[in-house]
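Q: One structure, pasted below without further comment.
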Amino acid sequence: MRLVLVGPPGAGKGTQAQFIASHFSVPKISTGDIFRANVSEGSDLGLEARKYMDAGDLVPDEVTIAMVTDRLSYDDTGEGFLLDGFPRTVHQAEVLDGMLADGGHVLDVVLELVVDDDEVVRRLSGRRTCRRCGHVWHQDFDPPARDRICDRCGGELFQRDDDSEKTIRHRLEVYADQTSPLIGYYGDRGLLRGVDATGPVEDVTERAINALRRFES
Ligand code: ADP
Ligand code: AMP
């Protein structure tokens, strides 16, 4: 299954991506995670990306597309993949279509996680991420047992620099301007499935997997 997850920042894409990818046995490819790993390593790509990420802007298409082209060339994507956070512009979507066509493939489905802006702000302002294992928590909706310590690995939790209220508002504008046109792009191609992403995480996962039933082998 070749799947794209779309939705505003904070919709729960990363949270759901791990469950959906494991259910369908495909690799989860999160462009935000790859950029953050590069920022932590201090690589050239990380130094370049960081300028845009901290401001809540999109990293330029040519940088992002080169990174995804490389990742999609790995052997583990042969039977499918789940893309989380890519594409984020119509140009990225067109390039992805071309990339897949070159290999004789097409995208199977695009799952949109639907939540309103107020919920997104609540989710992002309380998001806490583990520095060691990358697991995402929420200080009110899904708190770890010990303050600022990851239950899974004991790592330290941190708040992302781009999760300040001002940057969150800007990222929502960027989503509305540059990413939401993808909804029409994929809708016109008959690929879009919308899922209500409010309520408990397990309920959202169940709805998402139900919407993808026909791709089960
Ligand atoms: P995205 O990848 O779309 O930016 P995340 O998966 O990082 O979003 O989720 C953003 C925040 O919202 C995290 O703190 C996460 O724990 C929390 N969250 C995710 N799904 C839900 C949900 N269904 N209900 C409440 N909080 C959620
Ligand atoms: P995310 O973890 O998906 O919220 O992404 C964090 C940040 O990484 C975004 O705000 C962008 O700066 C950058 N980013 C992630 N994916 C993309 C993409 N497909 N195109 C451009 N920038 C991206």
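Identifiers for the structure tokens are assigned positionally: chains receive A, B, ... in sequence, residues are indexed from 1 per chain, and ligands are indexed from 1 in the order shown.
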Residues at most 12 Å from Cys150 in chain A, counting only C-alpha atoms, excluding those fewer than 2 positions away in the same chain, as a compact mmCIF listing (two decimals) with all heavy atoms, in the first residue's frame?

A:
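What landed in selection10.txt:
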# COMPACT_ATOMS: atom_id res chain seq x y z
N ARG A 128 4.84 17.02 23.71
CA ARG A 128 6.18 16.79 24.27
C ARG A 128 6.76 15.57 23.57
O ARG A 128 6.08 14.55 23.43
CB ARG A 128 6.13 16.53 25.79
CG ARG A 128 5.54 17.69 26.60
CD ARG A 128 6.44 18.93 26.63
NE ARG A 128 5.87 20.01 27.43
CZ ARG A 128 5.07 20.97 26.96
NH1 ARG A 128 4.75 21.03 25.68
NH2 ARG A 128 4.60 21.90 27.78
N THR A 129 8.02 15.68 23.15
CA THR A 129 8.64 14.62 22.35
C THR A 129 9.85 14.07 23.09
O THR A 129 10.59 14.84 23.74
CB THR A 129 9.09 15.20 20.99
OG1 THR A 129 7.98 15.87 20.39
CG2 THR A 129 9.57 14.12 20.04
N CYS A 130 10.06 12.77 23.00
CA CYS A 130 11.21 12.17 23.67
C CYS A 130 12.49 12.39 22.85
O CYS A 130 12.52 12.08 21.66
CB CYS A 130 10.98 10.66 23.86
SG CYS A 130 12.43 9.87 24.61
N ARG A 131 13.49 12.91 23.52
CA ARG A 131 14.76 13.17 22.86
C ARG A 131 15.44 11.88 22.42
O ARG A 131 16.17 11.84 21.45
CB ARG A 131 15.70 13.88 23.85
CG ARG A 131 16.37 15.09 23.28
CD ARG A 131 17.22 15.79 24.31
NE ARG A 131 16.60 17.00 24.84
CZ ARG A 131 16.34 18.08 24.13
NH1 ARG A 131 16.63 18.14 22.86
NH2 ARG A 131 15.77 19.13 24.69
N ARG A 132 15.19 10.79 23.17
CA ARG A 132 15.89 9.55 22.86
C ARG A 132 15.16 8.70 21.82
O ARG A 132 15.73 8.33 20.81
CB ARG A 132 16.10 8.74 24.15
CG ARG A 132 17.11 7.63 23.97
CD ARG A 132 17.30 6.80 25.23
NE ARG A 132 17.84 7.53 26.36
CZ ARG A 132 17.78 7.09 27.63
NH1 ARG A 132 17.21 5.93 27.89
NH2 ARG A 132 18.29 7.80 28.60
N CYS A 133 13.87 8.39 22.06
CA CYS A 133 13.19 7.45 21.15
C CYS A 133 12.22 8.15 20.19
O CYS A 133 11.67 7.52 19.30
CB CYS A 133 12.45 6.35 21.93
SG CYS A 133 10.95 6.92 22.77
N GLY A 134 11.99 9.46 20.39
CA GLY A 134 11.14 10.19 19.45
C GLY A 134 9.64 10.04 19.72
O GLY A 134 8.82 10.62 19.01
N HIS A 135 9.27 9.25 20.75
CA HIS A 135 7.84 9.07 21.00
C HIS A 135 7.19 10.41 21.36
O HIS A 135 7.78 11.23 22.05
CB HIS A 135 7.61 8.05 22.13
CG HIS A 135 6.16 7.73 22.30
ND1 HIS A 135 5.49 6.87 21.45
CD2 HIS A 135 5.23 8.19 23.18
CE1 HIS A 135 4.22 6.80 21.82
NE2 HIS A 135 4.03 7.58 22.86
N VAL A 136 5.95 10.59 20.87
CA VAL A 136 5.25 11.85 21.09
C VAL A 136 4.21 11.68 22.19
O VAL A 136 3.35 10.79 22.12
CB VAL A 136 4.56 12.30 19.77
CG1 VAL A 136 3.75 13.57 20.01
CG2 VAL A 136 5.61 12.55 18.70
N TRP A 137 4.26 12.57 23.20
CA TRP A 137 3.32 12.59 24.31
C TRP A 137 2.53 13.89 24.27
O TRP A 137 2.85 14.79 23.50
CB TRP A 137 4.07 12.51 25.65
CG TRP A 137 4.91 11.28 25.80
CD1 TRP A 137 6.22 11.13 25.44
CD2 TRP A 137 4.50 10.02 26.32
NE1 TRP A 137 6.65 9.85 25.72
CE2 TRP A 137 5.61 9.15 26.26
CE3 TRP A 137 3.29 9.53 26.84
CZ2 TRP A 137 5.56 7.83 26.70
CZ3 TRP A 137 3.25 8.21 27.29
CH2 TRP A 137 4.36 7.38 27.20
N HIS A 138 1.52 13.98 25.13
CA HIS A 138 0.83 15.26 25.32
C HIS A 138 0.69 15.48 26.81
O HIS A 138 0.29 14.57 27.54
CB HIS A 138 -0.53 15.26 24.64
CG HIS A 138 -1.14 16.63 24.60
ND1 HIS A 138 -1.70 17.22 25.71
CD2 HIS A 138 -1.23 17.53 23.59
CE1 HIS A 138 -2.12 18.43 25.38
NE2 HIS A 138 -1.85 18.65 24.11
N GLN A 139 1.02 16.69 27.27
CA GLN A 139 1.06 16.89 28.73
C GLN A 139 -0.29 16.74 29.40
O GLN A 139 -0.36 16.44 30.60
CB GLN A 139 1.69 18.24 29.07
CG GLN A 139 0.92 19.43 28.56
CD GLN A 139 1.54 20.75 29.03
OE1 GLN A 139 2.67 20.77 29.50
NE2 GLN A 139 0.81 21.84 28.86
N ASP A 142 -2.22 12.85 26.91
CA ASP A 142 -1.53 11.55 26.95
C ASP A 142 -0.23 11.74 27.75
O ASP A 142 0.87 11.63 27.22
CB ASP A 142 -1.22 11.12 25.49
CG ASP A 142 -0.57 9.75 25.44
OD1 ASP A 142 -0.68 8.99 26.43
OD2 ASP A 142 0.04 9.45 24.40
N PRO A 143 -0.39 12.05 29.06
CA PRO A 143 0.80 12.42 29.84
C PRO A 143 1.62 11.19 30.25
O PRO A 143 1.04 10.14 30.53
CB PRO A 143 0.22 13.10 31.08
CG PRO A 143 -1.17 12.57 31.20
CD PRO A 143 -1.63 12.13 29.85
N PRO A 144 2.94 11.34 30.31
CA PRO A 144 3.75 10.25 30.85
C PRO A 144 3.57 10.19 32.36
O PRO A 144 3.14 11.18 32.97
CB PRO A 144 5.18 10.68 30.48
CG PRO A 144 5.12 12.17 30.38
CD PRO A 144 3.73 12.52 29.94
N ALA A 145 3.90 9.06 32.97
CA ALA A 145 3.69 8.90 34.41
C ALA A 145 4.55 9.88 35.21
O ALA A 145 4.10 10.44 36.21
CB ALA A 145 4.01 7.46 34.82
N ARG A 146 5.80 10.08 34.75
CA ARG A 146 6.69 11.02 35.45
C ARG A 146 6.89 12.26 34.59
O ARG A 146 7.08 12.15 33.37
CB ARG A 146 8.06 10.36 35.69
CG ARG A 146 8.04 9.36 36.84
CD ARG A 146 9.37 8.65 36.96
NE ARG A 146 9.67 7.89 35.76
CZ ARG A 146 10.89 7.44 35.44
NH1 ARG A 146 11.92 7.67 36.21
NH2 ARG A 146 11.08 6.74 34.32
N ASP A 147 6.85 13.41 35.24
CA ASP A 147 6.96 14.67 34.51
C ASP A 147 8.25 14.71 33.67
O ASP A 147 9.34 14.47 34.19
CB ASP A 147 6.96 15.81 35.55
CG ASP A 147 6.70 17.15 34.91
OD1 ASP A 147 6.00 17.17 33.88
OD2 ASP A 147 7.21 18.16 35.43
N ARG A 148 8.10 14.99 32.40
CA ARG A 148 9.22 15.21 31.46
C ARG A 148 10.13 14.00 31.25
O ARG A 148 11.26 14.13 30.78
CB ARG A 148 10.05 16.43 31.88
CG ARG A 148 9.35 17.72 31.44
CD ARG A 148 10.08 18.94 31.89
NE ARG A 148 9.96 19.14 33.31
CZ ARG A 148 10.70 19.98 34.01
NH1 ARG A 148 11.65 20.67 33.45
NH2 ARG A 148 10.50 20.12 35.30
N ARG A 152 8.43 5.13 27.88
CA ARG A 152 8.90 4.01 27.06
C ARG A 152 10.38 3.72 27.23
O ARG A 152 10.79 2.58 27.24
CB ARG A 152 8.65 4.32 25.59
CG ARG A 152 7.19 4.43 25.29
CD ARG A 152 6.97 4.27 23.82
NE ARG A 152 5.55 4.02 23.59
CZ ARG A 152 5.04 3.68 22.43
NH1 ARG A 152 5.83 3.53 21.39
NH2 ARG A 152 3.76 3.47 22.30
N CYS A 153 11.19 4.80 27.33
CA CYS A 153 12.64 4.56 27.32
C CYS A 153 13.38 5.33 28.41
O CYS A 153 14.60 5.22 28.51
CB CYS A 153 13.21 4.92 25.94
SG CYS A 153 13.32 6.69 25.67
N GLY A 154 12.66 6.15 29.19
CA GLY A 154 13.33 6.92 30.25
C GLY A 154 14.01 8.17 29.74
O GLY A 154 14.67 8.88 30.51
N GLY A 155 13.90 8.44 28.43
CA GLY A 155 14.54 9.63 27.84
C GLY A 155 13.86 10.92 28.32
O GLY A 155 12.77 10.90 28.89
N GLU A 156 14.56 12.03 28.04
CA GLU A 156 14.04 13.34 28.47
C GLU A 156 13.04 13.87 27.42
O GLU A 156 13.29 13.75 26.21
CB GLU A 156 15.24 14.30 28.58
CG GLU A 156 14.89 15.70 29.01
CD GLU A 156 15.93 16.72 28.55
OE1 GLU A 156 16.91 16.32 27.87
OE2 GLU A 156 15.75 17.90 28.84
N LEU A 157 11.94 14.43 27.90
CA LEU A 157 10.96 15.01 26.96
C LEU A 157 11.26 16.49 26.74
O LEU A 157 11.70 17.18 27.66
CB LEU A 157 9.54 14.86 27.51
CG LEU A 157 9.08 13.45 27.85
CD1 LEU A 157 7.60 13.46 28.22
CD2 LEU A 157 9.32 12.48 26.70
N PHE A 158 11.05 16.94 25.53
CA PHE A 158 11.25 18.37 25.25
C PHE A 158 10.09 18.92 24.42
O PHE A 158 9.34 18.16 23.80
CB PHE A 158 12.59 18.60 24.51
CG PHE A 158 12.58 18.13 23.08
CD1 PHE A 158 12.42 19.05 22.03
CD2 PHE A 158 12.71 16.80 22.76
CE1 PHE A 158 12.41 18.63 20.71
CE2 PHE A 158 12.69 16.36 21.43
CZ PHE A 158 12.54 17.28 20.41

Q: Would you tabulate, counting only C-alpha atoms, all residues of range 148-173 of chain A that have an atom at most 10 Å from an atom of range 5-21 of chain A, showing the closest pair of atoms and their distance in Å to one decimal, sorted by chain then ascending number, as JSON lines?

A:
{"residue": "A:Asp163", "atom": "CA", "partner": "A:Gly10", "partner_atom": "CA", "distance": 9.5}
{"residue": "A:Ile168", "atom": "CA", "partner": "A:Pro9", "partner_atom": "CA", "distance": 8.2}
{"residue": "A:Arg171", "atom": "CA", "partner": "A:Pro9", "partner_atom": "CA", "distance": 7.2}
{"residue": "A:Leu172", "atom": "CA", "partner": "A:Pro8", "partner_atom": "CA", "distance": 6.8}
{"residue": "A:Glu173", "atom": "CA", "partner": "A:Pro8", "partner_atom": "CA", "distance": 9.8}

Q: Can you tell me which residues surround Thr31 in chain A at a distance of at most 7 Å, considering only C-alpha atoms, apart from same-chain residues fewer than 5 positions away, and format the answer as a list in words?

A: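 Non-adjacent residues within range: Asp84, Gly85 and Phe86 of chain A.
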
Q: Okay, now the selection with C-alpha atoms, as an mmCIF file, in the first residue's frame?

A:
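Output below, filename selection-v2.cif:
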data_model
loop_
_atom_site.group_PDB
_atom_site.id
_atom_site.type_symbol
_atom_site.label_atom_id
_atom_site.label_comp_id
_atom_site.auth_asym_id
_atom_site.auth_seq_id
_atom_site.Cartn_x
_atom_site.Cartn_y
_atom_site.Cartn_z
ATOM 1 C CA ASP A 84 3.780 11.514 6.931
ATOM 2 C CA GLY A 85 4.285 15.218 6.192
ATOM 3 C CA PHE A 86 5.045 14.830 2.483
#

Q: Find the nearest atom pair between each residue of chain A and ligand 2 for residues within 9 Å, count only C-alpha atoms and all ligand atoms, give distances in Å to one decimal, sort rows by chain and ascending number, and present the table as JSON lines.

A:
{"residue": "A:Pro8", "atom": "CA", "partner": "ligand 2", "partner_atom_place_in_ligand_line": "4 (O)", "distance": 8.5}
{"residue": "A:Pro9", "atom": "CA", "partner": "ligand 2", "partner_atom_place_in_ligand_line": "4 (O)", "distance": 5.4}
{"residue": "A:Gly10", "atom": "CA", "partner": "ligand 2", "partner_atom_place_in_ligand_line": "4 (O)", "distance": 7.3}
{"residue": "A:Lys13", "atom": "CA", "partner": "ligand 2", "partner_atom_place_in_ligand_line": "3 (O)", "distance": 8.0}
{"residue": "A:Gly14", "atom": "CA", "partner": "ligand 2", "partner_atom_place_in_ligand_line": "2 (O)", "distance": 7.7}
{"residue": "A:Ser30", "atom": "CA", "partner": "ligand 2", "partner_atom_place_in_ligand_line": "3 (O)", "distance": 6.8}
{"residue": "A:Thr31", "atom": "CA", "partner": "ligand 2", "partner_atom_place_in_ligand_line": "16 (N)", "distance": 4.5}
{"residue": "A:Gly32", "atom": "CA", "partner": "ligand 2", "partner_atom_place_in_ligand_line": "2 (O)", "distance": 3.5}
{"residue": "A:Asp33", "atom": "CA", "partner": "ligand 2", "partner_atom_place_in_ligand_line": "2 (O)", "distance": 5.9}
{"residue": "A:Ile34", "atom": "CA", "partner": "ligand 2", "partner_atom_place_in_ligand_line": "15 (C)", "distance": 8.3}
{"residue": "A:Phe35", "atom": "CA", "partner": "ligand 2", "partner_atom_place_in_ligand_line": "8 (O)", "distance": 6.2}
{"residue": "A:Arg36", "atom": "CA", "partner": "ligand 2", "partner_atom_place_in_ligand_line": "8 (O)", "distance": 7.4}
{"residue": "A:Ala49", "atom": "CA", "partner": "ligand 2", "partner_atom_place_in_ligand_line": "12 (O)", "distance": 7.0}
{"residue": "A:Arg50", "atom": "CA", "partner": "ligand 2", "partner_atom_place_in_ligand_line": "12 (O)", "distance": 7.5}
{"residue": "A:Lys51", "atom": "CA", "partner": "ligand 2", "partner_atom_place_in_ligand_line": "12 (O)", "distance": 8.3}
{"residue": "A:Tyr52", "atom": "CA", "partner": "ligand 2", "partner_atom_place_in_ligand_line": "12 (O)", "distance": 5.2}
{"residue": "A:Met53", "atom": "CA", "partner": "ligand 2", "partner_atom_place_in_ligand_line": "12 (O)", "distance": 3.5}
{"residue": "A:Asp54", "atom": "CA", "partner": "ligand 2", "partner_atom_place_in_ligand_line": "12 (O)", "distance": 7.1}
{"residue": "A:Ala55", "atom": "CA", "partner": "ligand 2", "partner_atom_place_in_ligand_line": "12 (O)", "distance": 7.6}
{"residue": "A:Gly56", "atom": "CA", "partner": "ligand 2", "partner_atom_place_in_ligand_line": "10 (O)", "distance": 4.8}
{"residue": "A:Asp57", "atom": "CA", "partner": "ligand 2", "partner_atom_place_in_ligand_line": "12 (O)", "distance": 4.9}
{"residue": "A:Leu58", "atom": "CA", "partner": "ligand 2", "partner_atom_place_in_ligand_line": "22 (N)", "distance": 3.7}
{"residue": "A:Val59", "atom": "CA", "partner": "ligand 2", "partner_atom_place_in_ligand_line": "22 (N)", "distance": 3.9}
{"residue": "A:Pro60", "atom": "CA", "partner": "ligand 2", "partner_atom_place_in_ligand_line": "21 (C)", "distance": 6.0}
{"residue": "A:Asp61", "atom": "CA", "partner": "ligand 2", "partner_atom_place_in_ligand_line": "20 (N)", "distance": 6.2}
{"residue": "A:Val63", "atom": "CA", "partner": "ligand 2", "partner_atom_place_in_ligand_line": "21 (C)", "distance": 8.2}
{"residue": "A:Thr64", "atom": "CA", "partner": "ligand 2", "partner_atom_place_in_ligand_line": "20 (N)", "distance": 5.6}
{"residue": "A:Ile65", "atom": "CA", "partner": "ligand 2", "partner_atom_place_in_ligand_line": "19 (N)", "distance": 7.8}
{"residue": "A:Val68", "atom": "CA", "partner": "ligand 2", "partner_atom_place_in_ligand_line": "19 (N)", "distance": 8.6}
{"residue": "A:Asp84", "atom": "CA", "partner": "ligand 2", "partner_atom_place_in_ligand_line": "3 (O)", "distance": 6.8}
{"residue": "A:Gly85", "atom": "CA", "partner": "ligand 2", "partner_atom_place_in_ligand_line": "3 (O)", "distance": 4.5}
{"residue": "A:Phe86", "atom": "CA", "partner": "ligand 2", "partner_atom_place_in_ligand_line": "19 (N)", "distance": 3.9}
{"residue": "A:Pro87", "atom": "CA", "partner": "ligand 2", "partner_atom_place_in_ligand_line": "19 (N)", "distance": 4.8}
{"residue": "A:Arg88", "atom": "CA", "partner": "ligand 2", "partner_atom_place_in_ligand_line": "19 (N)", "distance": 4.5}
{"residue": "A:Thr89", "atom": "CA", "partner": "ligand 2", "partner_atom_place_in_ligand_line": "20 (N)", "distance": 7.0}
{"residue": "A:Gln92", "atom": "CA", "partner": "ligand 2", "partner_atom_place_in_ligand_line": "19 (N)", "distance": 7.3}
{"residue": "A:Asp162", "atom": "CA", "partner": "ligand 2", "partner_atom_place_in_ligand_line": "10 (O)", "distance": 7.3}
{"residue": "A:Arg171", "atom": "CA", "partner": "ligand 2", "partner_atom_place_in_ligand_line": "10 (O)", "distance": 6.5}
{"residue": "A:Val174", "atom": "CA", "partner": "ligand 2", "partner_atom_place_in_ligand_line": "10 (O)", "distance": 8.8}

Q: Using only C-alpha atoms and all ligand atoms, can you tell me which of A:Phe141, A:Phe24, A:Phe81, A:Tyr74 comes closest to ligand 1?

A: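 Closest to ligand 1, using only C-alpha atoms and all ligand atoms: A:Phe141.
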
Q: Record the distance separating CA of Leu82 in chain A and CA of Val195 in chain A, expressed in Å with one decimal.

A: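 Separation of CA of Leu82 in chain A and CA of Val195 in chain A: 16.0 Å.
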
Q: Restricting the calculation to only C-alpha atoms and all ligand atoms: of A:Ala37, A:Ala197, A:Leu192, A:Leu212, which residue gets closest to ligand 1?

A: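 Going through A:Ala37, A:Ala197, A:Leu192, A:Leu212 one by one, the smallest distance to ligand 1 is for A:Ala197.
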
Q: Kindly provide the residues of range 74-148 of chain A that approach range 205-209 of chain A to within 10 Å, each paired with its closest atom pair and their distance in Å to one decimal, based on only C-alpha atoms, listed by chain and increasing number, as a tab-separated table.

A:
residue	atom	partner	partner_atom	distance
A:Leu111	CA	A:Ala208	CA	7.7
A:Glu112	CA	A:Ala208	CA	9.3
A:Leu113	CA	A:Ala208	CA	8.6

Q: Ranking A:Asp161, A:Asp151, A:Glu41, A:Asp108 by minimum distance to Glu79 in chain A and counting only C-alpha atoms, which one comes first?

A: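 Looking at the shortest contact to Glu79 in chain A, the residue is A:Asp108.
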
Q: Can you list every residue in range 72-208 of chain A that DSSP puts in strand (DSSP E), as a list in words?

A: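 Going through range 72-208 of chain A, the strand (DSSP E) residues come out as Phe81, Leu82, Leu83, Asp84, Val109, Val110, Leu111, Glu112, Leu113, Val114, Arg127, Arg128, Thr129, Cys130, Val136, Trp137, His138, Leu157, Phe158, Leu192, Arg193, Gly194, Val195 and Asp196 of chain A.
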
Q: Using N, CA, C and O atoms, can you export the residues from the last selection as an mmCIF file, in the first residue's frame?

A:
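What ended up in part02.cif:
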data_model
loop_
_atom_site.group_PDB
_atom_site.id
_atom_site.type_symbol
_atom_site.label_atom_id
_atom_site.label_comp_id
_atom_site.auth_asym_id
_atom_site.auth_seq_id
_atom_site.Cartn_x
_atom_site.Cartn_y
_atom_site.Cartn_z
ATOM 1 N N PHE A 81 4.613 2.136 1.342
ATOM 2 C CA PHE A 81 5.138 3.067 2.355
ATOM 3 C C PHE A 81 3.990 3.921 2.867
ATOM 4 O O PHE A 81 2.910 3.972 2.256
ATOM 5 N N LEU A 82 4.251 4.552 3.990
ATOM 6 C CA LEU A 82 3.333 5.568 4.517
ATOM 7 C C LEU A 82 4.131 6.864 4.602
ATOM 8 O O LEU A 82 5.163 6.913 5.285
ATOM 9 N N LEU A 83 3.686 7.886 3.904
ATOM 10 C CA LEU A 83 4.351 9.186 3.961
ATOM 11 C C LEU A 83 3.610 10.090 4.938
ATOM 12 O O LEU A 83 2.391 10.284 4.808
ATOM 13 N N ASP A 84 4.350 10.619 5.920
ATOM 14 C CA ASP A 84 3.780 11.514 6.931
ATOM 15 C C ASP A 84 4.467 12.877 6.786
ATOM 16 O O ASP A 84 5.658 12.989 7.056
ATOM 17 N N VAL A 109 -3.803 5.684 -1.937
ATOM 18 C CA VAL A 109 -4.802 6.389 -1.143
ATOM 19 C C VAL A 109 -4.158 7.521 -0.340
ATOM 20 O O VAL A 109 -2.985 7.435 0.030
ATOM 21 N N VAL A 110 -4.949 8.559 -0.120
ATOM 22 C CA VAL A 110 -4.513 9.693 0.708
ATOM 23 C C VAL A 110 -5.521 9.819 1.849
ATOM 24 O O VAL A 110 -6.720 9.975 1.607
ATOM 25 N N LEU A 111 -5.023 9.710 3.067
ATOM 26 C CA LEU A 111 -5.903 9.770 4.228
ATOM 27 C C LEU A 111 -5.770 11.143 4.869
ATOM 28 O O LEU A 111 -4.675 11.536 5.280
ATOM 29 N N GLU A 112 -6.890 11.856 4.940
ATOM 30 C CA GLU A 112 -6.875 13.189 5.559
ATOM 31 C C GLU A 112 -7.390 13.083 7.000
ATOM 32 O O GLU A 112 -8.498 12.586 7.237
ATOM 33 N N LEU A 113 -6.583 13.545 7.962
ATOM 34 C CA LEU A 113 -7.019 13.602 9.361
ATOM 35 C C LEU A 113 -7.667 14.966 9.588
ATOM 36 O O LEU A 113 -7.015 16.000 9.436
ATOM 37 N N VAL A 114 -8.964 14.946 9.913
ATOM 38 C CA VAL A 114 -9.734 16.192 9.989
ATOM 39 C C VAL A 114 -9.930 16.620 11.451
ATOM 40 O O VAL A 114 -10.519 15.873 12.243
ATOM 41 N N ARG A 127 2.283 19.391 23.213
ATOM 42 C CA ARG A 127 3.064 18.262 22.679
ATOM 43 C C ARG A 127 4.444 18.203 23.336
ATOM 44 O O ARG A 127 5.130 19.208 23.465
ATOM 45 N N ARG A 128 4.839 17.023 23.712
ATOM 46 C CA ARG A 128 6.183 16.794 24.272
ATOM 47 C C ARG A 128 6.756 15.569 23.570
ATOM 48 O O ARG A 128 6.079 14.551 23.429
ATOM 49 N N THR A 129 8.020 15.679 23.153
ATOM 50 C CA THR A 129 8.642 14.617 22.355
ATOM 51 C C THR A 129 9.848 14.071 23.093
ATOM 52 O O THR A 129 10.588 14.837 23.736
ATOM 53 N N CYS A 130 10.063 12.772 22.996
ATOM 54 C CA CYS A 130 11.212 12.168 23.671
ATOM 55 C C CYS A 130 12.486 12.390 22.848
ATOM 56 O O CYS A 130 12.522 12.082 21.655
ATOM 57 N N VAL A 136 5.947 10.587 20.874
ATOM 58 C CA VAL A 136 5.249 11.850 21.085
ATOM 59 C C VAL A 136 4.205 11.684 22.185
ATOM 60 O O VAL A 136 3.355 10.788 22.121
ATOM 61 N N TRP A 137 4.261 12.574 23.197
ATOM 62 C CA TRP A 137 3.316 12.590 24.308
ATOM 63 C C TRP A 137 2.527 13.887 24.269
ATOM 64 O O TRP A 137 2.850 14.793 23.502
ATOM 65 N N HIS A 138 1.525 13.977 25.128
ATOM 66 C CA HIS A 138 0.834 15.259 25.319
ATOM 67 C C HIS A 138 0.689 15.480 26.812
ATOM 68 O O HIS A 138 0.288 14.570 27.536
ATOM 69 N N LEU A 157 11.943 14.435 27.896
ATOM 70 C CA LEU A 157 10.965 15.009 26.963
ATOM 71 C C LEU A 157 11.264 16.488 26.738
ATOM 72 O O LEU A 157 11.701 17.176 27.662
ATOM 73 N N PHE A 158 11.049 16.944 25.526
ATOM 74 C CA PHE A 158 11.253 18.370 25.246
ATOM 75 C C PHE A 158 10.092 18.917 24.423
ATOM 76 O O PHE A 158 9.343 18.156 23.804
ATOM 77 N N LEU A 192 -8.795 10.567 -2.176
ATOM 78 C CA LEU A 192 -8.895 11.115 -0.816
ATOM 79 C C LEU A 192 -9.937 10.398 0.043
ATOM 80 O O LEU A 192 -11.061 10.165 -0.400
ATOM 81 N N ARG A 193 -9.534 10.045 1.280
ATOM 82 C CA ARG A 193 -10.474 9.517 2.286
ATOM 83 C C ARG A 193 -10.312 10.382 3.529
ATOM 84 O O ARG A 193 -9.210 10.489 4.068
ATOM 85 N N GLY A 194 -11.402 10.980 3.985
ATOM 86 C CA GLY A 194 -11.342 11.828 5.183
ATOM 87 C C GLY A 194 -11.708 11.034 6.429
ATOM 88 O O GLY A 194 -12.599 10.192 6.384
ATOM 89 N N VAL A 195 -10.990 11.287 7.517
ATOM 90 C CA VAL A 195 -11.284 10.607 8.778
ATOM 91 C C VAL A 195 -11.394 11.654 9.881
ATOM 92 O O VAL A 195 -10.537 12.535 9.982
ATOM 93 N N ASP A 196 -12.445 11.553 10.703
ATOM 94 C CA ASP A 196 -12.592 12.423 11.866
ATOM 95 C C ASP A 196 -11.472 12.079 12.843
ATOM 96 O O ASP A 196 -11.411 10.956 13.350
#

Q: Smallest atom-to-atom distance to ligand 1: which of A:Arg71, A:Lys166, A:Arg122, A:His91, using only C-alpha atoms and all ligand atoms?

A: A:Arg122
